[in-house]
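Here's the structure we're looking at; comments come further down.
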Amino acid sequence: MLQSLGNHLIVELYDCDYDFINSTPLVEEALVKAVEISGATIVQSVIHKFNPHGVSGVIVIEESHFSVHTWPEYGYCALDIFTCGTEIDYMSALQYLKDTFQAKGISVNEVKRGILDLPIKLVHKPEKREDQNEARVQ
């Protein structure tokens, strides 16, 4: 049965609000809120402000990451939302970021990551798999 380990959204936001996507605190706050909306768990946030403009950042989550790079001078923002498992609501997080950055245009490419053909149902971060235990017993 073909299954994927994760979903990777590659997002381009156009005609975003210059002041918002050029503000390190606002961009970080928006990313944190998006992660909260998605139901993911934050591990660590790193945000960097460029001179004279632009912000890059990543929030590492237990389920993978949310990342951003902004070009305020062009009103452009690139996002990566990579989540593992089936419990994360990444589309609601994306809609929140689009609205918050006041993007007038959006392009989204979704890539299934880790497509595997396995006879068992994939479980996000399983502590142990039954077939591994059976192999150890034999």
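Residue names in the structure tokens use chain letters A, B, ... in the order shown, residue numbers from 1 in each chain, and ligand numbers from 1 in the order shown.
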Can you list, as a ChimeraX atom specification, every protein, DNA or RNA residue that comes within 9 Å of range 102-111 of chain A when you count only C-alpha atoms, leaving out same-chain residues fewer than 2 positions away? /A:6-17,20,75-77,97-100,113
Write out, as a compact mmCIF listing (two decimals), in the first residue's frame, the residues just selected, with N, CA, C and O atoms.
```
# COMPACT_ATOMS: atom_id res chain seq x y z
N GLY A 6 5.23 12.33 4.70
CA GLY A 6 4.94 13.73 4.98
C GLY A 6 4.42 14.50 3.77
O GLY A 6 4.44 14.00 2.65
N ASN A 7 3.97 15.71 4.05
CA ASN A 7 3.51 16.65 3.03
C ASN A 7 4.42 17.86 3.05
O ASN A 7 4.72 18.40 4.11
N HIS A 8 4.82 18.29 1.86
CA HIS A 8 5.71 19.45 1.75
C HIS A 8 5.03 20.46 0.83
O HIS A 8 4.85 20.21 -0.35
N LEU A 9 4.64 21.59 1.41
CA LEU A 9 4.07 22.67 0.62
C LEU A 9 5.17 23.66 0.27
O LEU A 9 5.89 24.12 1.15
N ILE A 10 5.31 23.95 -1.01
CA ILE A 10 6.24 24.96 -1.49
C ILE A 10 5.35 26.10 -1.97
O ILE A 10 4.59 25.94 -2.92
N VAL A 11 5.42 27.22 -1.25
CA VAL A 11 4.44 28.30 -1.41
C VAL A 11 5.11 29.59 -1.83
O VAL A 11 6.17 29.96 -1.30
N GLU A 12 4.47 30.29 -2.76
CA GLU A 12 4.90 31.62 -3.14
C GLU A 12 3.74 32.58 -2.91
O GLU A 12 2.62 32.31 -3.38
N LEU A 13 3.99 33.63 -2.15
CA LEU A 13 2.99 34.65 -1.88
C LEU A 13 3.40 35.93 -2.59
O LEU A 13 4.54 36.36 -2.47
N TYR A 14 2.46 36.55 -3.28
CA TYR A 14 2.74 37.74 -4.08
C TYR A 14 1.95 38.94 -3.56
O TYR A 14 0.87 38.79 -3.01
N ASP A 15 2.53 40.13 -3.80
CA ASP A 15 1.91 41.40 -3.41
C ASP A 15 1.55 41.43 -1.93
O ASP A 15 0.46 41.83 -1.54
N CYS A 16 2.51 41.01 -1.11
CA CYS A 16 2.34 41.04 0.35
C CYS A 16 2.59 42.45 0.88
O CYS A 16 3.21 43.28 0.21
N ASP A 17 2.16 42.70 2.10
CA ASP A 17 2.36 43.99 2.76
C ASP A 17 3.85 44.18 3.10
O ASP A 17 4.41 43.40 3.86
N PHE A 20 4.82 44.56 6.90
CA PHE A 20 4.63 43.33 7.67
C PHE A 20 5.75 42.34 7.39
O PHE A 20 6.38 41.84 8.32
N GLY A 75 7.42 42.61 -2.57
CA GLY A 75 6.15 42.13 -2.04
C GLY A 75 6.03 40.62 -2.08
O GLY A 75 4.94 40.06 -2.06
N TYR A 76 7.17 39.93 -2.11
CA TYR A 76 7.21 38.49 -2.31
C TYR A 76 7.65 37.76 -1.05
O TYR A 76 8.53 38.22 -0.31
N CYS A 77 7.05 36.61 -0.84
CA CYS A 77 7.38 35.77 0.31
C CYS A 77 7.38 34.31 -0.12
O CYS A 77 6.43 33.85 -0.75
N LEU A 97 -1.37 32.38 7.11
CA LEU A 97 -0.19 33.15 6.67
C LEU A 97 -0.52 34.00 5.45
O LEU A 97 -0.10 35.16 5.37
N LYS A 98 -1.26 33.47 4.51
CA LYS A 98 -1.66 34.25 3.33
C LYS A 98 -2.44 35.49 3.76
O LYS A 98 -2.15 36.61 3.31
N ASP A 99 -3.41 35.30 4.65
CA ASP A 99 -4.22 36.42 5.12
C ASP A 99 -3.38 37.42 5.93
O ASP A 99 -3.49 38.63 5.74
N THR A 100 -2.53 36.91 6.80
CA THR A 100 -1.74 37.77 7.69
C THR A 100 -0.71 38.59 6.91
O THR A 100 -0.49 39.76 7.21
N ARG A 113 6.20 13.47 0.47
CA ARG A 113 7.58 13.07 0.76
C ARG A 113 7.60 11.68 1.38
O ARG A 113 6.72 11.32 2.14
```
What are the closest atom pairs, with distances in Å to one decimal, for each residue of range 49-125 of chain A lying within 9 Å of range 1-4 of chain A, using only C-alpha atoms, rows by chain and rising residue number, as JSON lines?
```
{"residue": "A:Cys84", "atom": "CA", "partner": "A:Ser4", "partner_atom": "CA", "distance": 8.6}
{"residue": "A:Gly85", "atom": "CA", "partner": "A:Ser4", "partner_atom": "CA", "distance": 8.4}
{"residue": "A:Lys112", "atom": "CA", "partner": "A:Ser4", "partner_atom": "CA", "distance": 6.0}
{"residue": "A:Arg113", "atom": "CA", "partner": "A:Ser4", "partner_atom": "CA", "distance": 5.8}
{"residue": "A:Gly114", "atom": "CA", "partner": "A:Ser4", "partner_atom": "CA", "distance": 5.1}
{"residue": "A:Ile115", "atom": "CA", "partner": "A:Ser4", "partner_atom": "CA", "distance": 4.2}
{"residue": "A:Leu116", "atom": "CA", "partner": "A:Gln3", "partner_atom": "CA", "distance": 5.4}
{"residue": "A:Asp117", "atom": "CA", "partner": "A:Leu2", "partner_atom": "CA", "distance": 4.4}
{"residue": "A:Leu118", "atom": "CA", "partner": "A:Met1", "partner_atom": "CA", "distance": 5.6}
{"residue": "A:Pro119", "atom": "CA", "partner": "A:Met1", "partner_atom": "CA", "distance": 6.0}
{"residue": "A:Ile120", "atom": "CA", "partner": "A:Met1", "partner_atom": "CA", "distance": 7.7}
{"residue": "A:Lys121", "atom": "CA", "partner": "A:Gln3", "partner_atom": "CA", "distance": 8.0}
{"residue": "A:Leu122", "atom": "CA", "partner": "A:Gln3", "partner_atom": "CA", "distance": 7.2}
```
How many Å lie between CA of Val35 in chain A and CA of Phe66 in chain A, rounded to one decimal?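 Atom-to-atom, CA of Val35 in chain A to CA of Phe66 in chain A, that is 7.6 Å.
Pairwise distance (CA of Pro72 in chain A, CA of Glu29 in chain A) equals 17.0 Å.
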Range 23-53 of chain A: which residues are strand (DSSP E or B) by DSSP, as a PyMOL selection string? chain A and resi 42-49
Requested write-out: C-alpha atoms of the selected residues, as a tab-separated table (two decimals), in the first residue's frame:
```
chain	number	residue	atom	x	y	z
A	42	ILE	CA	7.38	23.92	18.26
A	43	VAL	CA	10.93	22.83	19.01
A	44	GLN	CA	12.85	26.03	18.18
A	45	SER	CA	12.53	29.26	16.20
A	46	VAL	CA	15.36	31.07	14.40
A	47	ILE	CA	14.66	34.36	12.59
A	48	HIS	CA	17.15	36.64	10.82
A	49	LYS	CA	16.68	40.22	9.58
```
Atom pair CA of Val123 in chain A / CA of Phe82 in chain A: separation (Å):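 These two atoms are separated by 16.6 Å.
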DSSP-assigned helix (DSSP H, G or I) members of chain A, reported as a PyMOL selection string: chain A and resi 18-21+24-38+72-74+90-100+130-137
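Take the candidates A:Leu31, A:Asn51, A:Glu62, A:Asn22 and check each one against Leu79 in chain A using only C-alpha atoms; the shortest distance goes to A:Leu31.
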For His69 in chain A, list every protein, DNA or RNA residue within 8 Å, evaluated using only C-alpha atoms, and leave out those in the same chain fewer than 3 positions away; present the list as a list in words. Gly54, Val55, Ser56, Gly57, Cys77, Ala78 and Leu79 of chain A
Have a look at A:Asp89, A:Leu94, A:Ile61, A:Trp71 and name the one nearest to Ile21 in chain A; count only C-alpha atoms. A:Trp71
